[in-house]
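Enquirer: Take a look at entry.tsv, TSV, N, CA and C atoms:
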```tsv
chain	number	residue	atom	x	y	z
A	234	MET	N	-15.67	11.32	0.95
A	234	MET	CA	-14.91	11.10	2.15
A	234	MET	C	-15.24	12.20	3.16
A	235	PRO	N	-15.27	11.85	4.44
A	235	PRO	CA	-15.59	12.85	5.44
A	235	PRO	C	-14.47	13.85	5.61
A	236	ASN	N	-14.85	15.05	5.97
A	236	ASN	CA	-13.89	16.11	6.17
A	236	ASN	C	-13.27	15.96	7.54
A	237	ASN	N	-11.95	16.08	7.64
A	237	ASN	CA	-11.29	15.96	8.93
A	237	ASN	C	-11.10	17.30	9.61
A	238	GLY	N	-11.63	18.37	9.04
A	238	GLY	CA	-11.56	19.68	9.65
A	238	GLY	C	-10.32	20.47	9.32
A	239	ASN	N	-9.50	20.02	8.40
A	239	ASN	CA	-8.26	20.71	8.06
A	239	ASN	C	-8.39	21.40	6.71
A	240	ASN	N	-8.96	22.59	6.71
A	240	ASN	CA	-9.05	23.43	5.50
A	240	ASN	C	-9.75	22.74	4.35
A	241	GLY	N	-10.73	21.94	4.60
A	241	GLY	CA	-11.50	21.32	3.54
A	241	GLY	C	-10.85	20.11	2.90
A	242	THR	N	-9.72	19.65	3.42
A	242	THR	CA	-9.10	18.46	2.86
A	242	THR	C	-9.69	17.22	3.51
A	243	THR	N	-9.55	16.10	2.84
A	243	THR	CA	-10.11	14.85	3.35
A	243	THR	C	-9.00	13.95	3.86
A	244	SER	N	-9.41	12.86	4.47
A	244	SER	CA	-8.44	11.91	5.01
A	244	SER	C	-7.68	11.17	3.91
A	245	MET	N	-8.15	11.21	2.68
A	245	MET	CA	-7.47	10.52	1.58
A	245	MET	C	-6.19	11.25	1.16
A	246	VAL	N	-5.99	12.49	1.60
A	246	VAL	CA	-4.78	13.21	1.24
A	246	VAL	C	-3.56	12.48	1.80
A	247	GLY	N	-3.71	11.81	2.93
A	247	GLY	CA	-2.61	11.03	3.48
A	247	GLY	C	-2.15	9.94	2.54
A	248	TRP	N	-3.10	9.38	1.79
A	248	TRP	CA	-2.73	8.35	0.81
A	248	TRP	C	-1.94	8.94	-0.35
A	249	VAL	N	-2.20	10.20	-0.68
A	249	VAL	CA	-1.42	10.86	-1.73
A	249	VAL	C	0.02	11.02	-1.26
A	250	TYR	N	0.19	11.43	-0.01
A	250	TYR	CA	1.54	11.53	0.53
A	250	TYR	C	2.20	10.16	0.63
A	251	PHE	N	1.42	9.16	0.99
A	251	PHE	CA	1.93	7.78	1.02
A	251	PHE	C	2.42	7.38	-0.36
A	252	ALA	N	1.68	7.74	-1.39
A	252	ALA	CA	2.09	7.43	-2.77
A	252	ALA	C	3.41	8.11	-3.10
A	253	GLY	N	3.57	9.37	-2.68
A	253	GLY	CA	4.81	10.08	-2.93
A	253	GLY	C	5.99	9.42	-2.24
A	254	ILE	N	5.81	9.04	-0.98
A	254	ILE	CA	6.89	8.37	-0.24
A	254	ILE	C	7.19	7.01	-0.85
A	255	LEU	N	6.15	6.29	-1.24
A	255	LEU	CA	6.34	4.99	-1.88
A	255	LEU	C	7.09	5.13	-3.19
A	256	MET	N	6.80	6.18	-3.94
A	256	MET	CA	7.52	6.40	-5.20
A	256	MET	C	8.99	6.73	-4.94
A	257	ILE	N	9.26	7.52	-3.91
A	257	ILE	CA	10.65	7.85	-3.59
A	257	ILE	C	11.42	6.58	-3.23
A	258	LEU	N	10.84	5.75	-2.37
A	258	LEU	CA	11.51	4.51	-1.98
A	258	LEU	C	11.67	3.56	-3.16
A	259	SER	N	10.65	3.47	-4.00
A	259	SER	CA	10.73	2.62	-5.17
A	259	SER	C	11.79	3.12	-6.15
A	260	GLY	N	11.86	4.42	-6.33
A	260	GLY	CA	12.85	5.00	-7.22
A	260	GLY	C	14.27	4.77	-6.73
A	261	ILE	N	14.47	4.89	-5.42
A	261	ILE	CA	15.79	4.63	-4.84
A	261	ILE	C	16.17	3.16	-5.06
A	262	SER	N	15.21	2.28	-4.83
A	262	SER	CA	15.46	0.85	-5.05
A	262	SER	C	15.80	0.58	-6.51
A	263	GLN	N	15.06	1.21	-7.42
A	263	GLN	CA	15.30	1.03	-8.85
A	263	GLN	C	16.68	1.56	-9.24
A	264	ALA	N	17.07	2.70	-8.67
A	264	ALA	CA	18.38	3.27	-8.97
A	264	ALA	C	19.50	2.36	-8.46
A	265	PHE	N	19.32	1.79	-7.26
A	265	PHE	CA	20.32	0.86	-6.75
A	265	PHE	C	20.41	-0.39	-7.61
A	266	LEU	N	19.27	-0.84	-8.14
A	266	LEU	CA	19.28	-1.97	-9.06
A	266	LEU	C	20.08	-1.62	-10.32
A	267	GLY	N	19.90	-0.40	-10.81
A	267	GLY	CA	20.67	0.05	-11.97
A	267	GLY	C	22.16	0.12	-11.69
A	268	ILE	N	22.51	0.65	-10.52
A	268	ILE	CA	23.93	0.71	-10.15
A	268	ILE	C	24.49	-0.70	-10.02
A	269	SER	N	23.71	-1.59	-9.43
A	269	SER	CA	24.13	-2.99	-9.30
A	269	SER	C	24.36	-3.62	-10.67
A	270	ASP	N	23.48	-3.33	-11.62
A	270	ASP	CA	23.64	-3.86	-12.98
A	270	ASP	C	24.90	-3.31	-13.64
A	271	LEU	N	25.19	-2.04	-13.40
A	271	LEU	CA	26.37	-1.43	-14.01
A	271	LEU	C	27.66	-1.97	-13.41
A	272	VAL	N	27.65	-2.27	-12.12
A	272	VAL	CA	28.86	-2.74	-11.45
A	272	VAL	C	29.06	-4.24	-11.64
A	273	ASN	N	27.99	-5.04	-11.48
A	273	ASN	CA	28.11	-6.48	-11.46
A	273	ASN	C	27.89	-7.13	-12.83
A	274	LYS	N	27.01	-6.58	-13.63
A	274	LYS	CA	26.68	-7.08	-14.96
A	274	LYS	C	26.13	-8.51	-14.95
A	275	LYS	N	25.51	-8.91	-13.86
A	275	LYS	CA	24.84	-10.21	-13.74
A	275	LYS	C	23.48	-9.95	-13.12
A	276	TYR	N	22.53	-10.79	-13.43
A	276	TYR	CA	21.20	-10.56	-12.89
A	276	TYR	C	20.49	-11.87	-12.60
A	277	LEU	N	19.40	-11.76	-11.86
A	277	LEU	CA	18.57	-12.90	-11.52
A	277	LEU	C	17.24	-12.78	-12.24
A	278	PHE	N	16.68	-13.90	-12.65
A	278	PHE	CA	15.33	-13.87	-13.19
A	278	PHE	C	14.60	-15.13	-12.79
A	279	VAL	N	13.27	-15.05	-12.80
A	279	VAL	CA	12.44	-16.16	-12.35
A	279	VAL	C	12.08	-17.03	-13.54
A	280	GLY	N	12.37	-18.31	-13.44
A	280	GLY	CA	11.98	-19.27	-14.45
A	280	GLY	C	10.67	-19.92	-14.07
A	281	SER	N	10.28	-20.94	-14.76
A	281	SER	CA	9.01	-21.59	-14.48
A	281	SER	C	9.02	-22.36	-13.17
A	282	GLU	N	10.17	-22.85	-12.74
A	282	GLU	CA	10.22	-23.67	-11.54
A	282	GLU	C	11.16	-23.13	-10.46
A	283	ARG	N	12.11	-22.30	-10.80
A	283	ARG	CA	13.09	-21.86	-9.81
A	283	ARG	C	13.70	-20.52	-10.23
A	284	LEU	N	14.48	-19.97	-9.31
A	284	LEU	CA	15.21	-18.75	-9.58
A	284	LEU	C	16.49	-19.12	-10.31
A	285	ILE	N	16.75	-18.48	-11.42
A	285	ILE	CA	17.90	-18.84	-12.25
A	285	ILE	C	18.90	-17.69	-12.22
A	286	TYR	N	20.14	-18.01	-12.00
A	286	TYR	CA	21.20	-17.02	-12.03
A	286	TYR	C	21.77	-16.98	-13.43
A	287	ALA	N	21.72	-15.85	-14.05
A	287	ALA	CA	22.18	-15.76	-15.44
A	287	ALA	C	23.22	-14.66	-15.57
A	288	THR	N	24.11	-14.84	-16.50
A	288	THR	CA	25.10	-13.81	-16.77
A	288	THR	C	24.77	-13.20	-18.13
A	289	SER	N	24.92	-11.93	-18.19
A	289	SER	CA	24.65	-11.21	-19.43
A	289	SER	C	25.25	-9.83	-19.33
A	290	ASN	N	25.38	-9.19	-20.45
A	290	ASN	CA	25.83	-7.81	-20.45
A	290	ASN	C	24.64	-6.93	-20.10
A	291	ALA	N	24.59	-6.48	-18.88
A	291	ALA	CA	23.43	-5.74	-18.39
A	291	ALA	C	23.68	-4.24	-18.33
A	292	THR	N	24.68	-3.74	-19.04
A	292	THR	CA	25.01	-2.32	-18.97
A	292	THR	C	23.85	-1.44	-19.44
A	293	ALA	N	23.24	-1.79	-20.55
A	293	ALA	CA	22.11	-0.98	-21.05
A	293	ALA	C	20.95	-0.99	-20.06
A	294	TRP	N	20.63	-2.16	-19.51
A	294	TRP	CA	19.55	-2.23	-18.53
A	294	TRP	C	19.92	-1.47	-17.26
A	295	GLY	N	21.18	-1.47	-16.92
A	295	GLY	CA	21.62	-0.70	-15.75
A	295	GLY	C	21.33	0.77	-15.90
A	296	TRP	N	21.64	1.32	-17.09
A	296	TRP	CA	21.37	2.74	-17.33
A	296	TRP	C	19.87	3.03	-17.37
A	297	VAL	N	19.09	2.09	-17.92
A	297	VAL	CA	17.63	2.25	-17.95
A	297	VAL	C	17.08	2.27	-16.53
A	298	HIS	N	17.50	1.31	-15.70
A	298	HIS	CA	17.02	1.26	-14.32
A	298	HIS	C	17.42	2.51	-13.55
A	299	LEU	N	18.64	2.98	-13.77
A	299	LEU	CA	19.12	4.17	-13.09
A	299	LEU	C	18.31	5.41	-13.50
A	300	ALA	N	18.05	5.56	-14.79
A	300	ALA	CA	17.27	6.70	-15.27
A	300	ALA	C	15.83	6.65	-14.78
A	301	VAL	N	15.20	5.48	-14.85
A	301	VAL	CA	13.83	5.34	-14.37
A	301	VAL	C	13.76	5.61	-12.88
A	302	GLY	N	14.74	5.10	-12.13
A	302	GLY	CA	14.78	5.34	-10.70
A	302	GLY	C	14.88	6.82	-10.36
A	303	ALA	N	15.74	7.53	-11.07
A	303	ALA	CA	15.87	8.98	-10.84
A	303	ALA	C	14.58	9.72	-11.18
A	304	LEU	N	13.92	9.33	-12.25
A	304	LEU	CA	12.65	9.95	-12.64
A	304	LEU	C	11.56	9.69	-11.61
A	305	VAL	N	11.51	8.47	-11.10
A	305	VAL	CA	10.49	8.12	-10.09
A	305	VAL	C	10.74	8.87	-8.78
A	306	VAL	N	12.01	9.01	-8.38
A	306	VAL	CA	12.33	9.78	-7.17
A	306	VAL	C	11.92	11.24	-7.35
A	307	ALA	N	12.24	11.81	-8.50
A	307	ALA	CA	11.86	13.21	-8.77
A	307	ALA	C	10.34	13.37	-8.76
A	308	ALA	N	9.64	12.43	-9.37
A	308	ALA	CA	8.18	12.50	-9.38
A	308	ALA	C	7.60	12.32	-7.98
A	309	GLY	N	8.22	11.47	-7.16
A	309	GLY	CA	7.75	11.29	-5.79
A	309	GLY	C	7.88	12.57	-4.98
A	310	PHE	N	9.03	13.25	-5.08
A	310	PHE	CA	9.20	14.52	-4.37
A	310	PHE	C	8.24	15.58	-4.91
A	311	SER	N	8.03	15.60	-6.22
A	311	SER	CA	7.09	16.55	-6.82
A	311	SER	C	5.67	16.26	-6.38
A	312	LEU	N	5.33	14.99	-6.23
A	312	LEU	CA	4.00	14.61	-5.76
A	312	LEU	C	3.78	15.10	-4.33
A	313	LEU	N	4.80	15.03	-3.50
A	313	LEU	CA	4.69	15.54	-2.14
A	313	LEU	C	4.46	17.05	-2.11
A	314	HIS	N	4.91	17.74	-3.15
A	314	HIS	CA	4.71	19.18	-3.25
A	314	HIS	C	3.45	19.55	-4.03
A	315	GLY	N	2.69	18.56	-4.47
A	315	GLY	CA	1.40	18.81	-5.11
A	315	GLY	C	1.46	19.04	-6.61
A	316	SER	N	2.50	18.58	-7.27
A	316	SER	CA	2.63	18.77	-8.71
A	316	SER	C	1.63	17.91	-9.48
A	317	ASN	N	0.99	18.52	-10.47
A	317	ASN	CA	-0.01	17.80	-11.26
A	317	ASN	C	0.64	16.77	-12.18
A	318	TRP	N	1.79	17.10	-12.80
A	318	TRP	CA	2.46	16.13	-13.68
A	318	TRP	C	2.90	14.91	-12.89
A	319	ALA	N	3.32	15.12	-11.64
A	319	ALA	CA	3.74	13.99	-10.81
A	319	ALA	C	2.55	13.10	-10.45
A	320	ARG	N	1.39	13.71	-10.27
A	320	ARG	CA	0.19	12.92	-9.97
A	320	ARG	C	-0.16	12.03	-11.15
A	321	ILE	N	-0.08	12.56	-12.36
A	321	ILE	CA	-0.37	11.77	-13.56
A	321	ILE	C	0.67	10.67	-13.73
A	322	PHE	N	1.95	11.01	-13.52
A	322	PHE	CA	3.01	10.02	-13.62
A	322	PHE	C	2.82	8.92	-12.56
A	323	ALA	N	2.41	9.31	-11.35
A	323	ALA	CA	2.21	8.34	-10.27
A	323	ALA	C	1.06	7.40	-10.59
A	324	ILE	N	0.01	7.91	-11.18
A	324	ILE	CA	-1.11	7.04	-11.59
A	324	ILE	C	-0.63	6.03	-12.62
A	325	PHE	N	0.15	6.49	-13.59
A	325	PHE	CA	0.71	5.59	-14.60
A	325	PHE	C	1.64	4.56	-13.95
A	326	PHE	N	2.51	5.01	-13.05
A	326	PHE	CA	3.46	4.14	-12.39
A	326	PHE	C	2.75	3.10	-11.52
A	327	MET	N	1.74	3.50	-10.80
A	327	MET	CA	0.98	2.56	-9.96
A	327	MET	C	0.19	1.57	-10.84
A	328	GLY	N	-0.25	2.02	-12.01
A	328	GLY	CA	-0.91	1.11	-12.95
A	328	GLY	C	0.05	0.04	-13.44
A	329	LEU	N	1.29	0.44	-13.74
A	329	LEU	CA	2.31	-0.53	-14.14
A	329	LEU	C	2.63	-1.49	-12.99
A	330	SER	N	2.68	-0.96	-11.78
A	330	SER	CA	2.90	-1.81	-10.61
A	330	SER	C	1.78	-2.82	-10.45
A	331	PHE	N	0.54	-2.38	-10.68
A	331	PHE	CA	-0.62	-3.26	-10.61
A	331	PHE	C	-0.48	-4.41	-11.60
A	332	ILE	N	-0.13	-4.08	-12.86
A	332	ILE	CA	0.01	-5.10	-13.90
A	332	ILE	C	1.17	-6.04	-13.58
A	333	THR	N	2.29	-5.49	-13.11
A	333	THR	CA	3.44	-6.31	-12.75
A	333	THR	C	3.09	-7.30	-11.64
A	334	ASN	N	2.35	-6.84	-10.64
A	334	ASN	CA	1.96	-7.73	-9.55
A	334	ASN	C	0.96	-8.78	-10.01
A	335	LEU	N	0.13	-8.46	-10.98
A	335	LEU	CA	-0.75	-9.48	-11.55
A	335	LEU	C	0.05	-10.58	-12.24
A	336	VAL	N	1.12	-10.18	-12.94
A	336	VAL	CA	1.95	-11.15	-13.63
A	336	VAL	C	2.65	-12.08	-12.64
A	337	PHE	N	3.08	-11.53	-11.50
A	337	PHE	CA	3.83	-12.31	-10.52
A	337	PHE	C	2.95	-12.94	-9.44
A	338	ILE	N	1.64	-12.95	-9.62
A	338	ILE	CA	0.76	-13.50	-8.59
A	338	ILE	C	0.97	-15.00	-8.40
A	339	GLY	N	1.41	-15.70	-9.43
A	339	GLY	CA	1.69	-17.12	-9.30
A	339	GLY	C	2.99	-17.41	-8.57
A	340	VAL	N	3.92	-16.45	-8.60
A	340	VAL	CA	5.22	-16.64	-7.96
A	340	VAL	C	5.18	-16.18	-6.49
A	341	PHE	N	4.61	-15.00	-6.26
A	341	PHE	CA	4.49	-14.43	-4.91
A	341	PHE	C	3.04	-14.09	-4.63
A	342	PRO	N	2.18	-15.06	-4.34
A	342	PRO	CA	0.74	-14.77	-4.25
A	342	PRO	C	0.34	-13.81	-3.14
A	343	VAL	N	0.85	-13.99	-1.94
A	343	VAL	CA	0.44	-13.13	-0.82
A	343	VAL	C	0.95	-11.71	-1.04
A	344	TRP	N	2.23	-11.59	-1.37
A	344	TRP	CA	2.79	-10.26	-1.59
A	344	TRP	C	2.10	-9.56	-2.76
A	345	SER	N	1.84	-10.26	-3.83
A	345	SER	CA	1.19	-9.66	-5.00
A	345	SER	C	-0.20	-9.14	-4.66
A	346	ILE	N	-0.95	-9.89	-3.89
A	346	ILE	CA	-2.30	-9.45	-3.52
A	346	ILE	C	-2.23	-8.21	-2.63
A	347	ILE	N	-1.30	-8.19	-1.68
A	347	ILE	CA	-1.13	-7.01	-0.83
A	347	ILE	C	-0.72	-5.81	-1.66
A	348	ALA	N	0.24	-5.99	-2.56
A	348	ALA	CA	0.71	-4.90	-3.40
A	348	ALA	C	-0.38	-4.40	-4.33
A	349	ILE	N	-1.20	-5.29	-4.87
A	349	ILE	CA	-2.32	-4.88	-5.74
A	349	ILE	C	-3.31	-4.04	-4.94
A	350	ALA	N	-3.60	-4.45	-3.71
A	350	ALA	CA	-4.52	-3.67	-2.88
A	350	ALA	C	-3.96	-2.27	-2.60
A	351	ILE	N	-2.67	-2.18	-2.30
A	351	ILE	CA	-2.04	-0.87	-2.07
A	351	ILE	C	-2.08	-0.03	-3.34
A	352	ASP	N	-1.79	-0.64	-4.49
A	352	ASP	CA	-1.85	0.08	-5.76
A	352	ASP	C	-3.23	0.66	-6.01
A	353	VAL	N	-4.27	-0.13	-5.75
A	353	VAL	CA	-5.64	0.33	-5.99
A	353	VAL	C	-5.98	1.50	-5.07
A	354	VAL	N	-5.60	1.42	-3.80
A	354	VAL	CA	-5.89	2.51	-2.86
A	354	VAL	C	-5.15	3.78	-3.28
A	355	ILE	N	-3.90	3.64	-3.68
A	355	ILE	CA	-3.13	4.82	-4.09
A	355	ILE	C	-3.69	5.43	-5.36
A	356	ILE	N	-4.03	4.60	-6.34
A	356	ILE	CA	-4.64	5.14	-7.57
A	356	ILE	C	-5.94	5.86	-7.25
A	357	HIS	N	-6.75	5.28	-6.38
A	357	HIS	CA	-8.00	5.94	-5.97
A	357	HIS	C	-7.71	7.29	-5.32
A	358	ALA	N	-6.74	7.32	-4.41
A	358	ALA	CA	-6.42	8.57	-3.73
A	358	ALA	C	-5.91	9.63	-4.70
A	359	LEU	N	-5.08	9.21	-5.66
A	359	LEU	CA	-4.52	10.17	-6.61
A	359	LEU	C	-5.57	10.69	-7.58
A	360	VAL	N	-6.49	9.83	-7.98
A	360	VAL	CA	-7.53	10.26	-8.93
A	360	VAL	C	-8.59	11.12	-8.24
A	361	VAL	N	-9.04	10.67	-7.06
A	361	VAL	CA	-10.15	11.34	-6.41
A	361	VAL	C	-9.71	12.54	-5.59
A	362	GLN	N	-8.63	12.42	-4.84
A	362	GLN	CA	-8.24	13.48	-3.91
A	362	GLN	C	-6.89	14.11	-4.22
A	363	GLY	N	-6.31	13.84	-5.35
A	363	GLY	CA	-4.99	14.38	-5.68
A	363	GLY	C	-4.94	15.89	-5.76
A	364	ARG	N	-6.04	16.53	-6.10
A	364	ARG	CA	-6.06	17.99	-6.20
A	364	ARG	C	-5.95	18.67	-4.85
A	365	ASP	N	-6.28	17.96	-3.77
A	365	ASP	CA	-6.29	18.57	-2.44
A	365	ASP	C	-4.90	18.77	-1.85
A	366	THR	N	-3.89	18.15	-2.45
A	366	THR	CA	-2.57	18.25	-1.85
A	366	THR	C	-1.95	19.60	-2.09
```
Could you write out this file's structure as structure tokens?
Expert:
Amino acid sequence: MPNNGNNGTTSMVGWVYFAGILMILSGISQAFLGISDLVNKKYLFVGSERLIYATSNATAWGWVHLAVGALVVAAGFSLLHGSNWARIFAIFFMGLSFITNLVFIGVFPVWSIIAIAIDVVIIHALVVQGRDT
């Protein structure tokens, strides 16, 4: 990547910061999903032909979503500060996002393709230029 003249860093460093911000927003969303599960104890899931409203005891999943959300938010802030463990966690998290979007490509084709492209760019930025942050 070409040098932008800022202390030897490249333009891909912006994608690393984008990954950090994306992780923070995703973690907040995940935490709200967990809180929603704990309060409402009902959830939605996609069936083969339509969206199905189901009732279930979602307390355990609520705590899981809340914990994962908090971890992703912490990793996102750490990634913005240049933490190496957060970079590794972000690569893993973006890989899971990539796989999840592949699974849902039949349900949300346009969004899944856009999200897969973003995941690939972020993984590339974190692997190639993550040390520059």
Enquirer: At what distance in Å, to one decimal, does atom C of Asp270 in chain A lie from atom N of Trp296 in chain A?
Expert: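 One can read the atom N of Trp296 in chain A to atom C of Asp270 in chain A distance as 6.6 Å.
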Enquirer: Would you kindly return, as a list in words, each protein, DNA or RNA residue with an atom no farther than 7 Å from any atom of Leu335 in chain A, considering all atoms listed in the file and excluding same-chain residues fewer than 4 positions away?
Expert: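 Near neighbours after the sequence-gap exclusion: Ser330, Phe331, Gly339, Ser345 and Ile349 of chain A.
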Enquirer: If you count all atoms listed in the file, which residues fall within 8 Å of Ala323 in chain A, apart from same-chain ones fewer than 4 positions away, as a list in words?
Expert: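 Selected residues are Ala252, Gly253, Met256, Ala308, Gly309, Leu312, Asn317, Trp318, Ala319, Met327, Gly328, Leu329, Ile355, Ile356 and Leu359 of chain A.
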Enquirer: What is the atom C of Phe326 in chain A-CA of Gly302 in chain A distance in Å, reported with one decimal?
Expert: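 Going from atom C of Phe326 in chain A over to CA of Gly302 in chain A, I get 12.3 Å.
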Enquirer: For atom N of Val336 in chain A and atom N of Ala350 in chain A, determine how far apart the two atoms are, in Å to one decimal place.
Expert: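 Computing it gives 11.8 Å between the two atoms.
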Enquirer: Skipping near chain neighbours, those fewer than 5 positions away, what residues fall within 7 Å of Val305 in chain A using all atoms listed in the file, listed as a ChimeraX atom specification?
Expert: /A:256-257,259-261,300,310
Enquirer: Limited to N, CA and C atoms, could you put the picked residues into a file as an mmCIF file, in the coordinates of the input?
Expert:
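As written to disk, result05.cif reads:
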```
data_model
loop_
_atom_site.group_PDB
_atom_site.id
_atom_site.type_symbol
_atom_site.label_atom_id
_atom_site.label_comp_id
_atom_site.auth_asym_id
_atom_site.auth_seq_id
_atom_site.Cartn_x
_atom_site.Cartn_y
_atom_site.Cartn_z
ATOM 1 N N MET A 256 6.800 6.180 -3.940
ATOM 2 C CA MET A 256 7.520 6.400 -5.200
ATOM 3 C C MET A 256 8.990 6.730 -4.940
ATOM 4 N N ILE A 257 9.260 7.520 -3.910
ATOM 5 C CA ILE A 257 10.650 7.850 -3.590
ATOM 6 C C ILE A 257 11.420 6.580 -3.230
ATOM 7 N N SER A 259 10.650 3.470 -4.000
ATOM 8 C CA SER A 259 10.730 2.620 -5.170
ATOM 9 C C SER A 259 11.790 3.120 -6.150
ATOM 10 N N GLY A 260 11.860 4.420 -6.330
ATOM 11 C CA GLY A 260 12.850 5.000 -7.220
ATOM 12 C C GLY A 260 14.270 4.770 -6.730
ATOM 13 N N ILE A 261 14.470 4.890 -5.420
ATOM 14 C CA ILE A 261 15.790 4.630 -4.840
ATOM 15 C C ILE A 261 16.170 3.160 -5.060
ATOM 16 N N ALA A 300 18.050 5.560 -14.790
ATOM 17 C CA ALA A 300 17.270 6.700 -15.270
ATOM 18 C C ALA A 300 15.830 6.650 -14.780
ATOM 19 N N PHE A 310 9.030 13.250 -5.080
ATOM 20 C CA PHE A 310 9.200 14.520 -4.370
ATOM 21 C C PHE A 310 8.240 15.580 -4.910
#
```
Enquirer: So, counting only C-alpha atoms, which residue among A:Phe337, A:Val353, A:Phe325, A:Ser316 is closest to Tyr250 in chain A?
Expert: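 Answer, going by the shortest atom-to-atom distance: A:Ser316.
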